[in-house]
2 protein chains.
Amino acid sequence: MSPVTATLLRHRLRHLRHHHIRLNSTAVPSHFNLPLAVPSHFNLPLNHPTYLIWSANTSLGKTLVSTGIASSFLLHQPSSSPPAAHSSKLLYLKPIQTGFPSDSDSRFVFSKLDSLSLRLRIPLSISNSVLRSSRPVAEALRRNIKVSESGMCDLNFSEEKTVTGAPELLCKTLYAWEAAISPHLAAEREHATVEDSVVLKMVEQEMECGSKANVLCLVETAGGVASPGPSGTLQCDLYRPFRLPGILVGDGRLGGISGTIAAYESLKLRGYDVAAVVFEDHGLVNEVPLTSYLRNKVPVLVLPPVPKDPSDDLIEWFVESDGVFKALKEVMVSVYLERVERLNGMAKQAGEVFWWPFTQHKLVPEDNVTVIDSRCGENFSVFKASDNNSITQQFDACASWWTQGPDPAFQAELAREMGYTAARFGHVMFPENVYEPALKCAELLLDGVGKGWASRVYFSDNGSTAIEIGLKMAFRKFCVDHETLFGLSEDAEEKKHVDVKVLALRGSYHGDTLGAMEAQAPSPYTGFLQQPWYTGRGLFLEPPTVFLSNGTWNLSLPESFSQTASEECGTFTTRDEIFDKSRDTSVLATVYSTYVSEQLQEYSGISQSAHVGALIIEPVIHGAGGMHMVDPLFQRVLVNECRNRKIPVIFDEVFTGFWRLGVETTADLLGCKPDIACFAKLLTGGMIPLAVTLATDAVFDSFSGDSKLKALLHGHSYSAHAMGCATATKAIEWFKDPETNHNIDSQRGTLRELWDEELVQHISCHCAVERVVVLGTLFALELKVDASNSGYASLYAKSLLEMLREDGIFMRPLGNVVYLMCGPCTSPEICRRLLTKLHKRLGEFNRA
Amino acid sequence: MSPVTATLLRHRLRHLRHHHIRLNSTAVPSHFNLPLAVPSHFNLPLNHPTYLIWSANTSLGKTLVSTGIASSFLLHQPSSSPPAAHSSKLLYLKPIQTGFPSDSDSRFVFSKLDSLSLRLRIPLSISNSVLRSSRPVAEALRRNIKVSESGMCDLNFSEEKTVTGAPELLCKTLYAWEAAISPHLAAEREHATVEDSVVLKMVEQEMECGSKANVLCLVETAGGVASPGPSGTLQCDLYRPFRLPGILVGDGRLGGISGTIAAYESLKLRGYDVAAVVFEDHGLVNEVPLTSYLRNKVPVLVLPPVPKDPSDDLIEWFVESDGVFKALKEVMVSVYLERVERLNGMAKQAGEVFWWPFTQHKLVPEDNVTVIDSRCGENFSVFKASDNNSITQQFDACASWWTQGPDPAFQAELAREMGYTAARFGHVMFPENVYEPALKCAELLLDGVGKGWASRVYFSDNGSTAIEIGLKMAFRKFCVDHETLFGLSEDAEEKKHVDVKVLALRGSYHGDTLGAMEAQAPSPYTGFLQQPWYTGRGLFLEPPTVFLSNGTWNLSLPESFSQTASEECGTFTTRDEIFDKSRDTSVLATVYSTYVSEQLQEYSGISQSAHVGALIIEPVIHGAGGMHMVDPLFQRVLVNECRNRKIPVIFDEVFTGFWRLGVETTADLLGCKPDIACFAKLLTGGMIPLAVTLATDAVFDSFSGDSKLKALLHGHSYSAHAMGCATATKAIEWFKDPETNHNIDSQRGTLRELWDEELVQHISCHCAVERVVVLGTLFALELKVDASNSGYASLYAKSLLEMLREDGIFMRPLGNVVYLMCGPCTSPEICRRLLTKLHKRLGEFNRA
């Protein structure tokens, strides 16, 4: 609000205090002052429009605009048509108020509406309350109060004036401080702080107005869009989880075009929608450039100049401005209706135009479709038509198909980075060129996941392309190292036709393009009707696996191994023991080694027509294959046996890389290095597609020569696109820096344990659970399916997951395997809550 | 500058006018006032630091900061060490000044430095000049001037004070208006406008200071970061092509945190780097939240409060602030040095860590690597170490590997959209979900390129994956339609082993993953050493092609066709004739039809073990295959013949789609519809990877069933990622809207002709040119190579392209084919300039 109106307000407040207002007290729930560091589940009503009132700067008249909207919404002559089923109700919230009580925006709205109601002779019920405040405020008001731990007091100030059947105005100030300064400074000086999550919880509760048809809710912010709230969090970040649409009060003065545009951009850069821009006319026709900038898509409304005479009570100004506020109100209602209509139609429309991957559309009824309005950090904001048109929060436990990493702070940082990179580079082609994001990204990769072995970075678009490139690299290296097998050496008389195979593990998965598919063992996904060109060009071995069951880590050997070995090495006391390098000298290591040698035997020797030209493994965890943990000793033996035979080794870290398993690269878990490694998914922090294939100098050199035809002739248009490289750069740095990722154990360079060990043990002992795999950001369990139920495996898990969605957890099954996947920065506290809910629902599921 | 300093300045100006300043005139080149709507080639010196001085709002003290920096840079006691080879020189530019002459920021800097020099007893040479102004300014100064067409006058006001051997300050105001309002309003009121490109050209010329070692250049903007310049373009957009680093003068007042952060974000959202934030202290410790927001990466400097007494000449304040300005100057110098050092090292570093696609690294010496500092619309900003460390502009005639569409305005719009989408959605998983960007994108696709035939959208990551998905779709449809061939019908006794082939054209290219490669005819790119798994699973036909040569469009038939047909239909009068549907009834159509039938014969009938299960074509143009135009009649015949046999038809529009060939979909050029079509590249406006495969209901239905296993089991983690879908949505709308794309011919719904027809004719007649292909955004020519030179084809083109890079055109050859590719919004004027340069260099090339 402007200095003028602030002065007026002080005048009016003094006046009203001695007038016809009745004071009373209302109870404030006591839990509001709990320091909830972790945001919890929310449920926002969408059965009426709610708007945030933002401003490009302080003193631009946010409160005047709120008042005008309220007046336009509440004070109109009853129409001649039949009366509406419900009378109008406007809720005005001022969550954060400083300079109180001399400044009180809720009081201003309250008193102005009172005056306007009298002037226009339209009856109105009005109330104003102030719920909590700092001690200095309470003392100034001589209230007898209890100070809580955070320094906030229950003020419970309230004044009201009731007219039965009249439209209703509720004004509320949620938190008030005395000093007329920024809230973060006032909170500090008055020793009265409030956590962001507490503010949000309070706003959420106050916004709930029942389902009356004609309700409008305004939430007025304090200061400018990026002014700090009481905790120091910028207000545009503080309110972001709700992502309420906004009205931006702009600046009509000299310099105001710039300030208004910049504020608008800061809101958009946080994912907000702005329904209209409104500002006071200062005779500079700022609306012209603003309308041009907004490309006519967001209406720009101009209010008449506010009288500068301090004795003016502004009532005439409000009357004069009624047309503008009416137009504004109409924009707000129509934008709201359009949004709700669109959200309601999206599930049906999706079923008609999308072709979802891995989805049998016949099995997805309309009400099973999740309508996602936005995401904030690890949480989806989901629209629920069934739940009376509301927006609710669900933890994305699929980590958006295993890619996602950001918490809310990192998402905001990435959004800025993407805006910057798009503006600076857009996309620039890669071959023979260099630009900062690609170079920086490559340097970080070679100094991180490639450290100690890799020296070249090949960029592509996704895991599948990275694998195809990796295979091409490996085969070339193999051919160059084994020239005589192929008749490639200079003295060879002719080239020989040789079949090149890949050594891979059953249950591993490397992507959906044909080259990557060929490296997978046959499965329902590779059948003739899926891809008639699939032949399965591999030597596929069944791997030994480890899992947690009834509190113990067990080793499971496939039938191909001798019974003896199986009995000798059945269990582990701890998970660490599984990864212990001392196992290299065990009997089992010899058993593995012998087995692998035998398998490779038939592809050895110059007379064979088929050779194994590459080894490819997903280190430690087979993801898409059902969240199986492969015995790392077996994989280490495989690597060593191949290396002894000069067979290049590819690590497919598309799923496992970048902290998914608690380490930046799973090579560290396996304790051995590859020749080639593929990364994607979490590489960009889970923002946009990008993949890399890293390789050693020796691999690179096998493509070197005087002819271009010897080069690796594979590429994609967006190779090393600046946007992907820039986000990857940010993500690599963010995830490994203890300053930004509190999960980093600086000493060990790994993530600390995210999943509560005791709870994990409990769950592994649950009678509904066959096995558990837990490592890094992954918690997975296989449900026990008895023979009679086995045909319905996926349906079986479905009911469990539906219950968990009600709890605010978004999961998807892999057959009868269900999993929780978090980001590298997700707090153990959140993980504990997820596990607790899962544990609880397992009990109910089992009883059902 | 603050009102206080403005008052002071007025006082000083009056004072100085009667004092020891000598006035003189300097000539301003007359070409500066040409209305250059099209930005032209520029060359920015990087041999000294240059900074833009930005401000979060008006009146925050930009000019005080400029003055302080100048003082810190110029006025220090000579050190005892040997004198520097060059004395210091500071260039202060104020491109846009309103309120002149009472406000003159260059005068302020000039006069303060004069005073400070006297006060500190350090000699200084100073000058101040004002180059051009509106008529009212000129009249007020009683200058005898000539008014140009744009209303600007050559003012040529200059004052100076020279001390031989002393450090030097040059202050210049480039354009001045009288009214103290926003430049766009002043320009309008005073009938004195200036085009953006003219302002830039002027700034560029004035920034050139020779190669003296100790130079610093400041370019002070007017008002806030997003205040309009004289043309109405926001200043942050106006200066964007140079992307100079900036100093942001922030706001220390209440509300100033928000204003400063918002201004900072508006700069970042346009790709600018900000080296430091500096503001006047108002006692609110705004530096704390600002430093926190900036994550300690950008220094925040606080200046002492500016004396409010109007009689204070601020000299003591400058002396007091010297420490802050010294620190600021040091930041500016070190940020500059780091940037130049990095830019100088990038080419070498790239050669050591990158593995470029399609590149024989041995053939790329360090000085052939292009260092791209940024892009602005269609232009790269390229760093040239060889050219005395400068940044120069090159038109990206590769359209960044055939993907790029944006002009500068669209790039800025896309940057905002990406920031918004990242903040709102990040990435959210696709299957069984719906969210606005994916739904909107799908709707636009089905209403645009899929209109009239497609009803489903399958999202993936790039052209190659889109093709693999398209092939899987086609094969399934074929299998379902021809159950008996495969033993798939219910009454079949057993499944038969059948080889499924794809019908494709020689010279067509569909991607680099194995499945896409298999649909290509054998070539050097498919050899055993490239991909030992490639077998070529196609029936590959040699297509007839058309091209322009010696001013005439010719048809070239492969040998497989009879000589008679060839002679009958050898030439076309116009390009339109080639696409004329009346050709369907020609003799040639019958010839084509007979040929195709014959070819398909051996794959027909139930007894065959191989069947053609899909047709795939790149409609009209074979891109990667060498920019060949295939006779559209032949492709139409192919489509019809396949449709008659229930063989599904795939259009690979990855290269050709979205206006590349002047139409949104090339189906419109061919005059027939596919069953499946693949799009990528320009789909997102050339920003980030995204691909789609569109399909008919009939194709979709062949995957419908009660089992998930019948669904299309192919997917990528980032399927339908929000970022890609949002940019695609923007791009689809932007490119087809005549309001945003001035190349759209609203009546015909196509792009107008971009390449000057007369020039094209000339070039096609050039003796160095074998053939020309021109369509939509593509102009390609094949260089004539005689037998003795044919082995050096690519080297042959290289020297031509090197000359063109000197002309500011970035091209890459495809063997001896060179091409110019622009965006759908690129103006014909730019295309004409490109063609003219190419034509000129062809002459030189031929003589060489």
# chains A, B, ... in the order shown; residues from 1 in each chain; ligands from 1
$ residues_around --residues "Arg645 of chain B" --least-positions-apart "5" --cutoff "12 Å" --atoms "only C-alpha atoms" --output "PDB file with N, CA and C atoms, in the first residue's frame"
ATOM      1  N   PHE B 478       0.990 -54.554 -39.633  1.00  0.00           N
ATOM      2  CA  PHE B 478       1.112 -55.472 -40.756  1.00  0.00           C
ATOM      3  C   PHE B 478       0.816 -56.912 -40.330  1.00  0.00           C
ATOM      4  N   ASP B 481      -2.832 -57.376 -39.743  1.00  0.00           N
ATOM      5  CA  ASP B 481      -3.577 -57.367 -41.015  1.00  0.00           C
ATOM      6  C   ASP B 481      -3.294 -58.582 -41.879  1.00  0.00           C
ATOM      7  N   HIS B 482      -2.193 -59.248 -41.590  1.00  0.00           N
ATOM      8  CA  HIS B 482      -1.788 -60.383 -42.437  1.00  0.00           C
ATOM      9  C   HIS B 482      -1.517 -61.592 -41.558  1.00  0.00           C
ATOM     10  N   VAL B 596       7.425 -50.343 -59.253  1.00  0.00           N
ATOM     11  CA  VAL B 596       7.224 -50.665 -57.841  1.00  0.00           C
ATOM     12  C   VAL B 596       6.527 -52.013 -57.686  1.00  0.00           C
ATOM     13  N   SER B 597       5.529 -52.249 -58.504  1.00  0.00           N
ATOM     14  CA  SER B 597       4.816 -53.531 -58.447  1.00  0.00           C
ATOM     15  C   SER B 597       5.774 -54.693 -58.667  1.00  0.00           C
ATOM     16  N   LEU B 600       7.877 -55.356 -55.625  1.00  0.00           N
ATOM     17  CA  LEU B 600       7.157 -55.948 -54.488  1.00  0.00           C
ATOM     18  C   LEU B 600       6.742 -57.385 -54.764  1.00  0.00           C
ATOM     19  N   GLN B 601       6.822 -57.773 -56.023  1.00  0.00           N
ATOM     20  CA  GLN B 601       6.316 -59.085 -56.434  1.00  0.00           C
ATOM     21  C   GLN B 601       6.912 -60.223 -55.610  1.00  0.00           C
ATOM     22  N   TYR B 603       7.944 -60.382 -52.742  1.00  0.00           N
ATOM     23  CA  TYR B 603       7.589 -60.441 -51.320  1.00  0.00           C
ATOM     24  C   TYR B 603       6.098 -60.656 -51.124  1.00  0.00           C
ATOM     25  N   SER B 604       5.432 -61.049 -52.218  1.00  0.00           N
ATOM     26  CA  SER B 604       3.989 -61.236 -52.135  1.00  0.00           C
ATOM     27  C   SER B 604       3.648 -62.711 -52.107  1.00  0.00           C
ATOM     28  N   GLY B 605       2.564 -63.013 -51.480  1.00  0.00           N
ATOM     29  CA  GLY B 605       2.083 -64.390 -51.473  1.00  0.00           C
ATOM     30  C   GLY B 605       2.500 -65.122 -50.230  1.00  0.00           C
ATOM     31  N   HIS B 611       8.635 -60.803 -46.165  1.00  0.00           N
ATOM     32  CA  HIS B 611       7.560 -59.903 -46.554  1.00  0.00           C
ATOM     33  C   HIS B 611       7.950 -58.469 -46.276  1.00  0.00           C
ATOM     34  N   VAL B 612       7.408 -57.561 -47.072  1.00  0.00           N
ATOM     35  CA  VAL B 612       7.611 -56.146 -46.789  1.00  0.00           C
ATOM     36  C   VAL B 612       6.511 -55.718 -45.825  1.00  0.00           C
ATOM     37  N   GLY B 613       6.926 -55.342 -44.604  1.00  0.00           N
ATOM     38  CA  GLY B 613       5.962 -55.025 -43.545  1.00  0.00           C
ATOM     39  C   GLY B 613       5.747 -53.545 -43.327  1.00  0.00           C
ATOM     40  N   ALA B 614       6.505 -52.715 -44.024  1.00  0.00           N
ATOM     41  CA  ALA B 614       6.342 -51.267 -43.848  1.00  0.00           C
ATOM     42  C   ALA B 614       7.047 -50.542 -44.986  1.00  0.00           C
ATOM     43  N   LEU B 615       6.504 -49.385 -45.336  1.00  0.00           N
ATOM     44  CA  LEU B 615       7.211 -48.460 -46.230  1.00  0.00           C
ATOM     45  C   LEU B 615       7.675 -47.291 -45.384  1.00  0.00           C
ATOM     46  N   LEU B 638       4.602 -44.834 -54.694  1.00  0.00           N
ATOM     47  CA  LEU B 638       5.021 -45.815 -53.676  1.00  0.00           C
ATOM     48  C   LEU B 638       3.971 -45.962 -52.582  1.00  0.00           C
ATOM     49  N   VAL B 639       3.519 -44.823 -52.086  1.00  0.00           N
ATOM     50  CA  VAL B 639       2.524 -44.831 -51.004  1.00  0.00           C
ATOM     51  C   VAL B 639       1.264 -45.554 -51.462  1.00  0.00           C
ATOM     52  N   ASN B 640       0.830 -45.224 -52.663  1.00  0.00           N
ATOM     53  CA  ASN B 640      -0.404 -45.847 -53.153  1.00  0.00           C
ATOM     54  C   ASN B 640      -0.252 -47.351 -53.357  1.00  0.00           C
TER      55      ASN B 640
END
$ select_by_dssp --residues "segment 483-622 of chain B" --states "strand (DSSP E or B)" --output "number ranges by chain"
B: 499-505, 538-541, 545-549, 552-556, 571-572, 610-617, 621-622
$ closest_residue --among "A:Ala728, A:Leu539, A:Leu90, A:Ile391" --to "Leu505 of chain A" --atoms "only C-alpha atoms"
A:Leu539
$ residues_around --residues "Lys62 of chain B" --least-positions-apart "4" --cutoff "10 Å" --atoms "only C-alpha atoms" --output "number ranges by chain"
B: 1-2, 53-58, 66-68, 105, 220-224, 247-250, 278-279
$ select_by_dssp --residues "segment 530-743 of chain B" --states "alpha helix (DSSP H)" --output "JSON, numbers by chain"
{"B": [563, 564, 565, 566, 567, 568, 575, 576, 577, 578, 579, 587, 588, 589, 590, 591, 592, 593, 594, 595, 596, 597, 598, 599, 600, 601, 632, 633, 634, 635, 636, 637, 638, 639, 640, 641, 642, 643, 644, 667, 668, 669, 670, 697, 698, 699, 700, 701, 722, 723, 724, 725, 726, 727, 728, 729, 730, 731, 732, 733, 734, 735, 736]}
$ atom_distance --atom1 "atom CA of Val199 of chain A" --atom2 "atom CA of Ser150 of chain A"
12.9 Å
$ atom_distance --atom1 "atom CA of Ala412 of chain B" --atom2 "atom CA of Leu244 of chain A"
25.2 Å
$ atom_distance --atom1 "atom CA of Asn389 of chain A" --atom2 "atom CA of Asp273 of chain A"
18.7 Å
$ residues_around --residues "Ala276 of chain B" --least-positions-apart "4" --cutoff "12 Å" --atoms "only C-alpha atoms" --output "NGL selection string"
:B and (51-55 or 65 or 245-250 or 260 or 264 or 287 or 290-291 or 294 or 296-302 or 324-325 or 327-335)
